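K.L.:
This one is target.txt, compact mmCIF, C-alpha atoms.
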```txt
# COMPACT_ATOMS: atom_id res chain seq x y z
CA MET R 1 -0.11 -8.45 -21.88
CA LYS R 2 -3.67 -7.22 -21.34
CA PHE R 3 -5.60 -7.83 -18.16
CA THR R 4 -9.29 -7.51 -17.40
CA GLY R 5 -9.17 -6.22 -13.86
CA ASN R 6 -6.58 -4.87 -11.53
CA ARG R 7 -6.70 -6.27 -8.02
CA ALA R 8 -4.98 -9.59 -7.42
CA LEU R 9 -5.24 -11.50 -4.17
CA ILE R 10 -2.11 -13.59 -3.54
CA LEU R 11 -2.58 -16.26 -0.89
CA GLY R 12 0.62 -17.35 0.84
CA GLY R 13 2.09 -14.01 -0.16
CA SER R 14 5.25 -14.14 1.91
CA CYS R 15 7.03 -16.86 -0.08
CA ASP R 16 9.75 -15.77 -2.49
CA LEU R 17 7.78 -16.80 -5.54
CA ALA R 18 4.73 -14.81 -4.42
CA ILE R 19 6.87 -11.74 -3.84
CA THR R 20 8.48 -12.10 -7.26
CA LEU R 21 5.00 -12.41 -8.75
CA ALA R 22 3.87 -9.29 -6.87
CA GLN R 23 6.82 -7.39 -8.36
CA CYS R 24 5.90 -8.58 -11.86
CA MET R 25 2.28 -7.59 -11.24
CA ILE R 26 3.24 -4.10 -10.11
CA GLU R 27 5.37 -3.69 -13.24
CA ALA R 28 2.37 -4.79 -15.30
CA GLY R 29 0.10 -2.24 -13.58
CA LEU R 30 -1.78 -4.67 -11.34
CA PHE R 31 -2.38 -4.17 -7.63
CA PRO R 32 -1.29 -7.23 -5.62
CA ILE R 33 -2.86 -7.97 -2.23
CA LEU R 34 -0.59 -10.39 -0.41
CA THR R 35 -1.56 -12.47 2.59
CA TYR R 36 0.78 -13.52 5.36
CA ARG R 37 0.26 -15.72 8.39
CA SER R 38 2.83 -14.31 10.79
CA GLU R 39 4.49 -11.04 11.70
CA LYS R 40 7.68 -12.42 10.19
CA GLY R 41 5.85 -12.92 6.90
CA ARG R 42 4.46 -9.40 7.00
CA GLU R 43 7.93 -7.99 7.58
CA TYR R 44 9.40 -10.12 4.79
CA ILE R 45 6.86 -8.80 2.30
CA SER R 46 7.40 -5.26 3.48
CA GLU R 47 11.20 -5.56 3.25
CA ASN R 48 11.11 -7.06 -0.24
CA LEU R 49 8.57 -4.62 -1.65
CA LYS R 50 9.89 -1.52 0.10
CA ASN R 51 10.31 0.30 -3.21
CA CYS R 52 6.68 -0.28 -4.11
CA THR R 53 4.86 1.50 -1.30
CA LYS R 54 1.19 2.15 -2.08
CA LYS R 55 1.40 -0.18 -5.07
CA TYR R 56 0.38 -3.23 -3.03
CA SER R 57 -1.24 -4.14 0.26
CA SER R 58 -0.82 -7.03 2.66
CA PHE R 59 -3.18 -8.66 5.15
CA TYR R 60 -3.14 -11.42 7.71
CA LEU R 61 -4.68 -14.74 6.66
CA GLU R 62 -4.02 -18.00 8.40
CA PHE R 63 -5.39 -21.15 6.82
CA GLY R 64 -7.67 -22.77 9.37
CA ASN R 65 -8.47 -19.50 11.13
CA HIS R 66 -12.01 -18.50 10.17
CA ASP R 67 -11.80 -15.08 11.78
CA SER R 68 -8.85 -14.27 9.54
CA ILE R 69 -10.79 -14.88 6.31
CA ASP R 70 -13.75 -12.83 7.60
CA SER R 71 -11.41 -10.00 8.47
CA LEU R 72 -9.47 -10.21 5.20
CA LEU R 73 -12.58 -10.07 3.02
CA GLN R 74 -14.04 -7.24 5.07
CA GLN R 75 -10.91 -5.21 4.60
CA ILE R 76 -10.39 -5.77 0.91
CA GLY R 77 -14.07 -5.45 0.00
CA ASP R 78 -15.80 -6.58 -3.14
CA GLU R 79 -13.01 -5.92 -5.61
CA ILE R 80 -11.00 -9.04 -6.39
CA ASP R 81 -10.27 -9.63 -10.04
CA PHE R 82 -7.59 -12.30 -9.72
CA MET R 83 -6.48 -14.81 -7.13
CA VAL R 84 -3.22 -16.73 -7.07
CA ASP R 85 -2.97 -19.37 -4.40
CA PHE R 86 0.47 -20.36 -3.11
CA ALA R 87 -0.66 -21.22 0.41
CA GLN R 88 0.33 -24.67 1.59
CA GLY R 89 1.28 -26.06 4.95
CA ASN R 90 4.15 -28.49 5.18
CA PHE R 91 3.60 -32.03 6.41
CA GLU R 92 6.23 -34.60 5.61
CA SER R 93 5.60 -38.02 7.00
CA LEU R 94 5.46 -41.58 5.84
CA VAL R 95 1.79 -42.53 5.60
CA ALA R 96 2.12 -45.42 8.02
CA SER R 97 3.84 -43.32 10.66
CA ALA R 98 1.78 -40.11 10.49
CA ASP R 99 0.24 -38.59 13.58
CA VAL R 100 -3.52 -39.04 13.26
CA ASP R 101 -4.49 -35.66 14.72
CA ARG R 102 -2.06 -33.99 12.36
CA ILE R 103 -3.63 -35.79 9.40
CA TYR R 104 -7.04 -34.36 10.30
CA SER R 105 -5.79 -30.86 11.00
CA TYR R 106 -3.64 -30.80 7.87
CA PHE R 107 -6.57 -31.54 5.58
CA ALA R 108 -8.83 -29.17 7.49
CA GLU R 109 -6.34 -26.36 6.94
CA ASN R 110 -5.09 -27.17 3.46
CA VAL R 111 -8.21 -28.54 1.79
CA SER R 112 -11.38 -27.58 3.69
CA PHE R 113 -10.27 -24.07 4.56
CA ARG R 114 -9.00 -23.51 1.04
CA ALA R 115 -12.40 -24.60 -0.27
CA GLU R 116 -14.01 -21.97 1.96
CA VAL R 117 -11.68 -19.27 0.67
CA VAL R 118 -12.29 -20.30 -2.95
CA LYS R 119 -16.05 -20.35 -2.37
CA ARG R 120 -16.09 -16.88 -0.83
CA VAL R 121 -13.78 -15.31 -3.37
CA ALA R 122 -15.74 -16.90 -6.21
CA ARG R 123 -18.95 -15.33 -4.89
CA ILE R 124 -17.27 -11.94 -4.85
CA MET R 125 -16.09 -12.52 -8.41
CA MET R 126 -19.62 -13.54 -9.42
CA LYS R 127 -20.90 -10.14 -8.35
CA ASN R 128 -18.43 -8.56 -10.73
CA LYS R 129 -19.13 -11.19 -13.40
CA ARG R 130 -15.44 -11.82 -13.90
CA GLY R 131 -12.49 -13.44 -12.20
CA ARG R 132 -9.43 -15.53 -12.83
CA LEU R 133 -7.86 -17.93 -10.38
CA VAL R 134 -4.55 -19.75 -10.53
CA PHE R 135 -3.75 -22.47 -8.03
CA ILE R 136 -0.07 -23.20 -7.59
CA SER R 137 0.27 -26.92 -7.15
CA SER R 138 3.45 -28.90 -7.65
CA SER R 139 4.89 -31.68 -9.75
CA ALA R 140 5.07 -33.52 -6.41
CA ALA R 141 1.27 -33.75 -6.54
CA VAL R 142 1.60 -36.32 -9.30
CA ARG R 143 5.14 -37.55 -8.63
CA PRO R 144 5.61 -37.51 -4.85
CA ASN R 145 8.63 -38.77 -3.02
CA PRO R 146 8.22 -40.99 0.04
CA GLY R 147 6.97 -38.75 2.85
CA GLN R 148 5.03 -36.44 0.54
CA GLY R 149 1.78 -38.39 0.48
CA PHE R 150 -0.27 -35.94 2.51
CA TYR R 151 1.16 -32.95 0.71
CA ALA R 152 0.33 -34.58 -2.63
CA ALA R 153 -3.15 -35.56 -1.49
CA ALA R 154 -3.91 -32.02 -0.32
CA LYS R 155 -2.60 -30.56 -3.56
CA LEU R 156 -4.63 -32.95 -5.72
CA ALA R 157 -7.78 -32.33 -3.68
CA SER R 158 -7.26 -28.59 -4.03
CA GLU R 159 -6.65 -28.93 -7.76
CA ALA R 160 -10.04 -30.64 -8.01
CA ILE R 161 -11.72 -27.73 -6.24
CA TYR R 162 -10.23 -25.21 -8.65
CA LYS R 163 -11.00 -27.40 -11.64
CA ASN R 164 -14.65 -27.68 -10.69
CA LEU R 165 -14.90 -23.97 -10.06
CA GLY R 166 -13.73 -23.33 -13.61
CA LEU R 167 -16.15 -25.96 -14.85
CA GLU R 168 -19.10 -24.51 -12.96
CA LEU R 169 -18.49 -20.79 -13.39
CA GLY R 170 -16.68 -20.58 -16.71
CA GLY R 171 -19.94 -19.45 -18.28
CA HIS R 172 -20.15 -16.65 -15.73
CA GLY R 173 -16.76 -15.19 -16.63
CA ILE R 174 -14.83 -16.92 -13.84
CA THR R 175 -12.11 -19.31 -14.88
CA ALA R 176 -9.47 -21.25 -12.99
CA ILE R 177 -6.37 -23.29 -13.69
CA THR R 178 -3.72 -25.15 -11.78
CA LEU R 179 -0.04 -24.69 -12.47
CA ARG R 180 2.27 -27.51 -11.41
CA PRO R 181 5.82 -26.19 -11.25
CA GLY R 182 8.68 -28.62 -10.88
CA TYR R 183 11.96 -27.83 -9.16
CA ILE R 184 12.29 -24.09 -8.57
CA ASP R 185 15.51 -22.49 -7.39
CA SER R 186 13.75 -20.65 -4.59
CA GLY R 187 13.03 -21.08 -0.88
CA ARG R 188 12.81 -24.64 0.43
CA GLY R 189 13.07 -26.07 -3.08
CA GLY R 190 16.23 -24.11 -3.75
CA ARG R 191 17.91 -25.45 -0.62
CA PHE R 192 16.91 -29.00 -1.55
CA ILE R 193 18.27 -28.59 -5.08
CA ARG R 194 21.59 -27.23 -3.82
CA ALA R 195 21.91 -30.17 -1.43
CA HIS R 196 21.08 -32.76 -4.13
CA THR R 197 22.11 -30.99 -7.34
CA HIS R 198 23.26 -33.93 -9.42
CA GLU R 199 20.46 -36.29 -8.38
CA VAL R 200 17.75 -33.68 -8.93
CA LEU R 201 18.88 -32.17 -12.19
CA ASN R 202 19.59 -35.57 -13.67
CA LYS R 203 15.82 -36.22 -13.55
CA VAL R 204 14.92 -33.01 -15.38
CA PRO R 205 15.25 -33.15 -19.18
CA ILE R 206 16.18 -29.45 -19.41
CA LYS R 207 18.94 -30.08 -16.83
CA ARG R 208 18.18 -27.02 -14.75
CA ALA R 209 15.81 -25.84 -12.09
CA LEU R 210 13.20 -23.20 -12.91
CA THR R 211 13.88 -19.64 -11.83
CA LYS R 212 11.31 -17.88 -9.70
CA LYS R 213 11.20 -15.08 -12.26
CA GLU R 214 10.21 -17.37 -15.11
CA VAL R 215 7.53 -19.04 -12.99
CA ALA R 216 6.19 -15.64 -11.87
CA GLU R 217 6.05 -14.41 -15.47
CA THR R 218 4.24 -17.58 -16.49
CA ILE R 219 1.65 -17.07 -13.76
CA LEU R 220 1.20 -13.50 -14.92
CA PHE R 221 0.60 -14.76 -18.45
CA TYR R 222 -2.04 -17.15 -17.15
CA LEU R 223 -3.82 -14.21 -15.54
CA SER R 224 -3.83 -12.27 -18.79
CA ASP R 225 -6.69 -12.01 -21.27
CA SER R 226 -4.73 -14.10 -23.77
CA ALA R 227 -4.80 -17.10 -21.44
CA THR R 228 -8.46 -17.31 -20.45
CA GLY R 229 -8.96 -20.16 -22.92
CA PHE R 230 -7.03 -22.25 -20.40
CA ASN R 231 -9.72 -23.24 -17.94
CA ALA R 232 -10.41 -26.13 -15.55
CA THR R 233 -7.14 -27.79 -16.32
CA GLU R 234 -3.70 -28.52 -14.88
CA ILE R 235 -0.56 -27.30 -16.58
CA SER R 236 2.86 -28.75 -15.86
CA MET R 237 5.86 -26.46 -15.88
CA ASP R 238 8.62 -28.80 -14.87
CA GLY R 239 11.15 -28.93 -17.69
CA GLY R 240 9.79 -32.33 -18.64
CA LEU R 241 10.32 -33.90 -15.20
CA THR R 242 7.01 -35.74 -15.05
CA ALA R 243 6.88 -36.73 -18.71
CA GLY R 244 9.25 -39.67 -18.54
CA LYS R 245 10.11 -42.50 -16.18
CA MET F 1 -38.93 -0.75 -5.10
CA ASP F 2 -40.16 -3.38 -2.63
CA ILE F 3 -38.51 -6.72 -1.97
CA LEU F 4 -40.82 -8.62 -4.33
CA GLU F 5 -40.08 -6.23 -7.17
CA GLU F 6 -36.37 -6.47 -6.59
CA ILE F 7 -36.39 -10.27 -6.39
CA THR F 8 -38.58 -10.43 -9.49
CA GLU F 9 -36.11 -8.27 -11.35
CA ILE F 10 -33.20 -10.44 -10.27
CA LEU F 11 -34.98 -13.68 -11.17
CA ALA F 12 -36.09 -12.36 -14.54
CA GLU F 13 -32.53 -11.47 -15.39
CA ILE F 14 -30.99 -14.73 -14.18
CA LEU F 15 -33.61 -16.98 -15.76
CA ASP F 16 -34.14 -14.80 -18.81
CA ILE F 17 -37.93 -14.68 -18.37
CA GLU F 18 -40.59 -11.96 -18.27
CA ASN F 19 -41.28 -10.25 -14.94
CA ASN F 20 -45.00 -10.95 -15.23
CA ASN F 21 -44.35 -14.69 -14.97
CA ILE F 22 -43.28 -14.22 -11.37
CA SER F 23 -45.47 -13.78 -8.27
CA PRO F 24 -44.95 -14.60 -4.58
CA GLU F 25 -46.64 -17.95 -5.17
CA THR F 26 -44.37 -18.98 -8.05
CA TYR F 27 -42.29 -22.12 -7.50
CA LEU F 28 -38.65 -21.49 -8.39
CA ILE F 29 -37.72 -25.02 -9.36
CA ARG F 30 -41.03 -26.61 -10.29
CA GLU F 31 -42.33 -23.74 -12.40
CA LEU F 32 -39.39 -21.57 -13.36
CA GLY F 33 -37.00 -24.47 -13.79
CA ALA F 34 -34.25 -22.85 -11.74
CA GLU F 35 -31.14 -25.05 -11.64
CA SER F 36 -28.39 -25.16 -9.04
CA ILE F 37 -26.20 -22.68 -10.92
CA ASP F 38 -29.19 -20.28 -11.16
CA LEU F 39 -29.75 -20.57 -7.41
CA LEU F 40 -26.08 -19.83 -6.78
CA GLU F 41 -26.34 -16.74 -8.95
CA LEU F 42 -29.52 -15.77 -7.12
CA ALA F 43 -27.83 -16.13 -3.72
CA VAL F 44 -24.95 -13.92 -4.84
CA ALA F 45 -27.37 -11.34 -6.27
CA LEU F 46 -29.48 -11.25 -3.08
CA ASN F 47 -26.34 -10.80 -0.99
CA SER F 48 -25.23 -7.97 -3.22
CA ARG F 49 -28.62 -6.23 -3.63
CA PHE F 50 -29.83 -6.41 -0.03
CA LYS F 51 -26.43 -6.46 1.75
CA ILE F 52 -27.38 -9.55 3.70
CA ASP F 53 -25.59 -12.79 4.48
CA VAL F 54 -27.13 -15.61 2.48
CA ASN F 55 -26.86 -19.23 3.54
CA ASP F 56 -27.73 -21.19 0.40
CA ASP F 57 -28.93 -24.27 2.29
CA GLU F 58 -31.32 -22.19 4.41
CA ILE F 59 -32.79 -19.86 1.83
CA PHE F 60 -33.33 -22.61 -0.74
CA LEU F 61 -34.75 -25.04 1.86
CA ARG F 62 -32.18 -27.63 0.87
CA LYS F 63 -32.34 -29.49 4.15
CA LEU F 64 -36.11 -29.49 4.38
CA ARG F 65 -36.54 -33.22 3.77
CA GLN F 66 -33.62 -34.01 6.06
CA TYR F 67 -35.31 -32.00 8.83
CA VAL F 68 -38.61 -33.83 8.30
CA THR F 69 -36.80 -37.17 8.54
CA GLU F 70 -34.93 -36.06 11.67
CA ALA F 71 -38.18 -34.95 13.32
CA GLU F 72 -39.79 -38.29 12.50
CA GLN F 73 -36.80 -40.29 13.72
CA GLN F 74 -36.64 -38.31 16.94
CA ASP F 75 -40.41 -38.51 17.35
CA LYS F 76 -40.70 -34.73 17.40
CA ASP F 77 -43.49 -32.48 16.19
CA ILE F 78 -42.53 -31.81 12.56
CA LEU F 79 -43.97 -28.30 12.44
CA GLN F 80 -42.21 -27.23 15.59
CA TYR F 81 -38.96 -28.81 14.45
CA LEU F 82 -39.13 -27.02 11.10
CA ALA F 83 -39.95 -23.74 12.83
CA GLU F 84 -36.74 -24.09 14.84
CA LYS F 85 -34.65 -24.95 11.82
CA LEU F 86 -36.19 -22.49 9.36
CA PRO F 87 -37.12 -19.55 11.60
CA PHE F 88 -37.75 -17.19 8.69
CA LEU F 89 -40.85 -19.16 7.65
CA MET F 90 -44.20 -18.53 9.35
CA HIS F 91 -46.23 -21.37 10.85
CA LYS F 92 -48.84 -21.16 8.09
CA ARG F 93 -46.21 -21.43 5.39
CA LEU F 94 -44.62 -24.45 7.07
CA GLU F 95 -48.02 -26.19 7.12
CA GLU F 96 -48.35 -25.46 3.42
CA ILE F 97 -44.89 -26.86 2.76
CA ILE F 98 -45.55 -30.09 4.63
CA ALA F 99 -48.79 -30.61 2.71
CA ASP F 100 -46.93 -29.94 -0.53
CA LEU F 101 -43.90 -32.19 -0.07
CA GLU F 102 -45.13 -34.91 -2.42
CA GLY F 103 -45.33 -32.46 -5.31
CA GLY F 104 -41.55 -31.84 -5.55
CA PRO F 105 -39.34 -28.92 -4.56
CA THR F 106 -41.51 -26.57 -2.51
CA LEU F 107 -39.45 -23.39 -2.72
CA ARG F 108 -41.53 -20.37 -3.73
CA VAL F 109 -40.67 -16.73 -4.33
CA LYS F 110 -42.38 -15.76 -1.08
CA ASP F 111 -39.86 -17.89 0.84
CA LEU F 112 -37.06 -15.75 -0.56
CA ILE F 113 -38.93 -12.64 0.54
CA SER F 114 -39.32 -14.01 4.07
CA TYR F 115 -35.62 -14.85 4.20
CA VAL F 116 -34.54 -11.42 3.00
CA GLU F 117 -36.90 -9.68 5.46
CA ARG F 118 -35.54 -11.68 8.37
CA GLN F 119 -31.91 -11.16 7.42
CA ARG F 120 -32.47 -7.46 6.87
CA ASP F 121 -34.07 -7.10 10.25
CA GLY F 122 -31.00 -8.78 11.72
CA ASN F 123 -33.00 -11.56 13.39
```
Just give me the structure as structure tokens.
P.N.:
Amino acid sequence: MKFTGNRALILGGSCDLAITLAQCMIEAGLFPILTYRSEKGREYISENLKNCTKKYSSFYLEFGNHDSIDSLLQQIGDEIDFMVDFAQGNFESLVASADVDRIYSYFAENVSFRAEVVKRVARIMMKNKRGRLVFISSSAAVRPNPGQGFYAAAKLASEAIYKNLGLELGGHGITAITLRPGYIDSGRGGRFIRAHTHEVLNKVPIKRALTKKEVAETILFYLSDSATGFNATEISMDGGLTAGK
Amino acid sequence: MDILEEITEILAEILDIENNNISPETYLIRELGAESIDLLELAVALNSRFKIDVNDDEIFLRKLRQYVTEAEQQDKDILQYLAEKLPFLMHKRLEEIIADLEGGPTLRVKDLISYVERQRDGN
């Protein structure tokens, strides 16, 4: 695969999928810059990429914390060629029982703050007249379970931000897509699948969960030069989960 | 190269026009036909060229009419209110702008120069 650019900002960089992606990027000659929101996250990245010293960097970024985005962008400077966005807070609640303050703070962190990050990174990319962004959404955005309404709403709102960015700046060399993975055997999803194996896999036409490696490789493809024709769109990678009833 | 020359160069490139079509008095939207995507590109270029923070709403006078309405609703002196909200513009220029509101978007090249000068001076 060929890539125009080298430095890839990975938001929400301490999740397993982000770390797998970082490993794939390093193998492909890219330089991942992973963000974490806690010391635990920083250590997790460091532990999992210990064989790749000097081939990546990691920085603190907490969604909702404006100082953290100022500091991050100051430190990494004006060289961002790619951005992959895994960041997403968790908020499971039935709509009619949700805490009102939490509703406001959740959207401020997961939609408004993300919009700020996208805006600022896009302006950096505009200076370089190139950039590629991939937002990692979820099949739950379009097929939520009870309790996932706010998560789905935040994902769909964020998808719209990325879609419009690709629409507005495609002519300036900056393109964006959303990837909606289905069940992945990784992290929280992996634990859920193991607890509900039969029920979950019965819904997926390919009768298996996705591996984090195959999702990471797919993201890498979507960052490559061959994939820039995909712009301002959402792509499902769910084994057919959302295609049927 | 002075600020006008640099801004002229940037505008000529973004709008694909000749440098000699641009003077401090030139209207960006009314005369040059700058669209929102051009203004975004201009903001990014000014930030990059002059190493200044650029607030798009301020530099492109996007809230001008809102400020005029607010001043009227609050029964405040419009000129003074605008001077507080748009501190990079001189009193004389604000008078000009108020007299020119009926004609459409009032943004001129000289407003960009004033903004850049103020931001560069760190005021």
K.L.:
Provide as a list in words the residues of chain F at most 12 Å from chain R, counting all atoms listed in the file.
P.N.:
Ile14, Ser36, Ile37, Asp38, Leu40, Glu41, Leu42, Ala43, Val44, Ala45, Leu46, Asn47, Ser48, Arg49, Lys51, Asp53, Val54, Asn55 and Asp56 of chain F
K.L.:
Quick one: everything within 8 Å of R:Leu179, counting all atoms listed in the file, minus sequence neighbours fewer than 3 positions away in the same chain. Send it as a list of chain:residue names.
P.N.:
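Counting only the stated atoms, we get R:Val134, R:Phe135, R:Ile136, R:Ser137, R:Ser138, R:Ile219, R:Glu234, R:Ile235, R:Ser236, R:Met237.
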K.L.:
Could you pull the residues within 12 Å of R:Ser97, counting only C-alpha atoms, minus those fewer than 5 positions along the same chain, as a PDB file with C-alpha atoms, keeping the file's coordinate frame?
P.N.:
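Output file selection_22.pdb is given in full below:
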```pdb
ATOM      1  CA  GLU R  92       6.230 -34.600   5.610  1.00  0.00           C
ATOM      2  CA  ARG R 102      -2.060 -33.990  12.360  1.00  0.00           C
ATOM      3  CA  ILE R 103      -3.630 -35.790   9.400  1.00  0.00           C
ATOM      4  CA  PRO R 146       8.220 -40.990   0.040  1.00  0.00           C
ATOM      5  CA  GLY R 147       6.970 -38.750   2.850  1.00  0.00           C
ATOM      6  CA  GLY R 149       1.780 -38.390   0.480  1.00  0.00           C
ATOM      7  CA  PHE R 150      -0.270 -35.940   2.510  1.00  0.00           C
TER       8      PHE R 150
END
```
K.L.:
Can you pull out every residue within 10 Å of R:Met83, counting all atoms listed in the file, but drop anything in the same chain fewer than 2 positions away, and send it as a VMD selection string?
P.N.:
chain R and resid 7 to 11 32 to 34 80 to 81 85 to 86 118 121 to 122 125 131 to 135 176 223
K.L.:
Provide the atom CA of R:Leu61 to atom CA of R:Arg130 distance in Å, to one decimal place.
P.N.:
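One can read the atom CA of R:Leu61 to atom CA of R:Arg130 distance as 23.4 Å.
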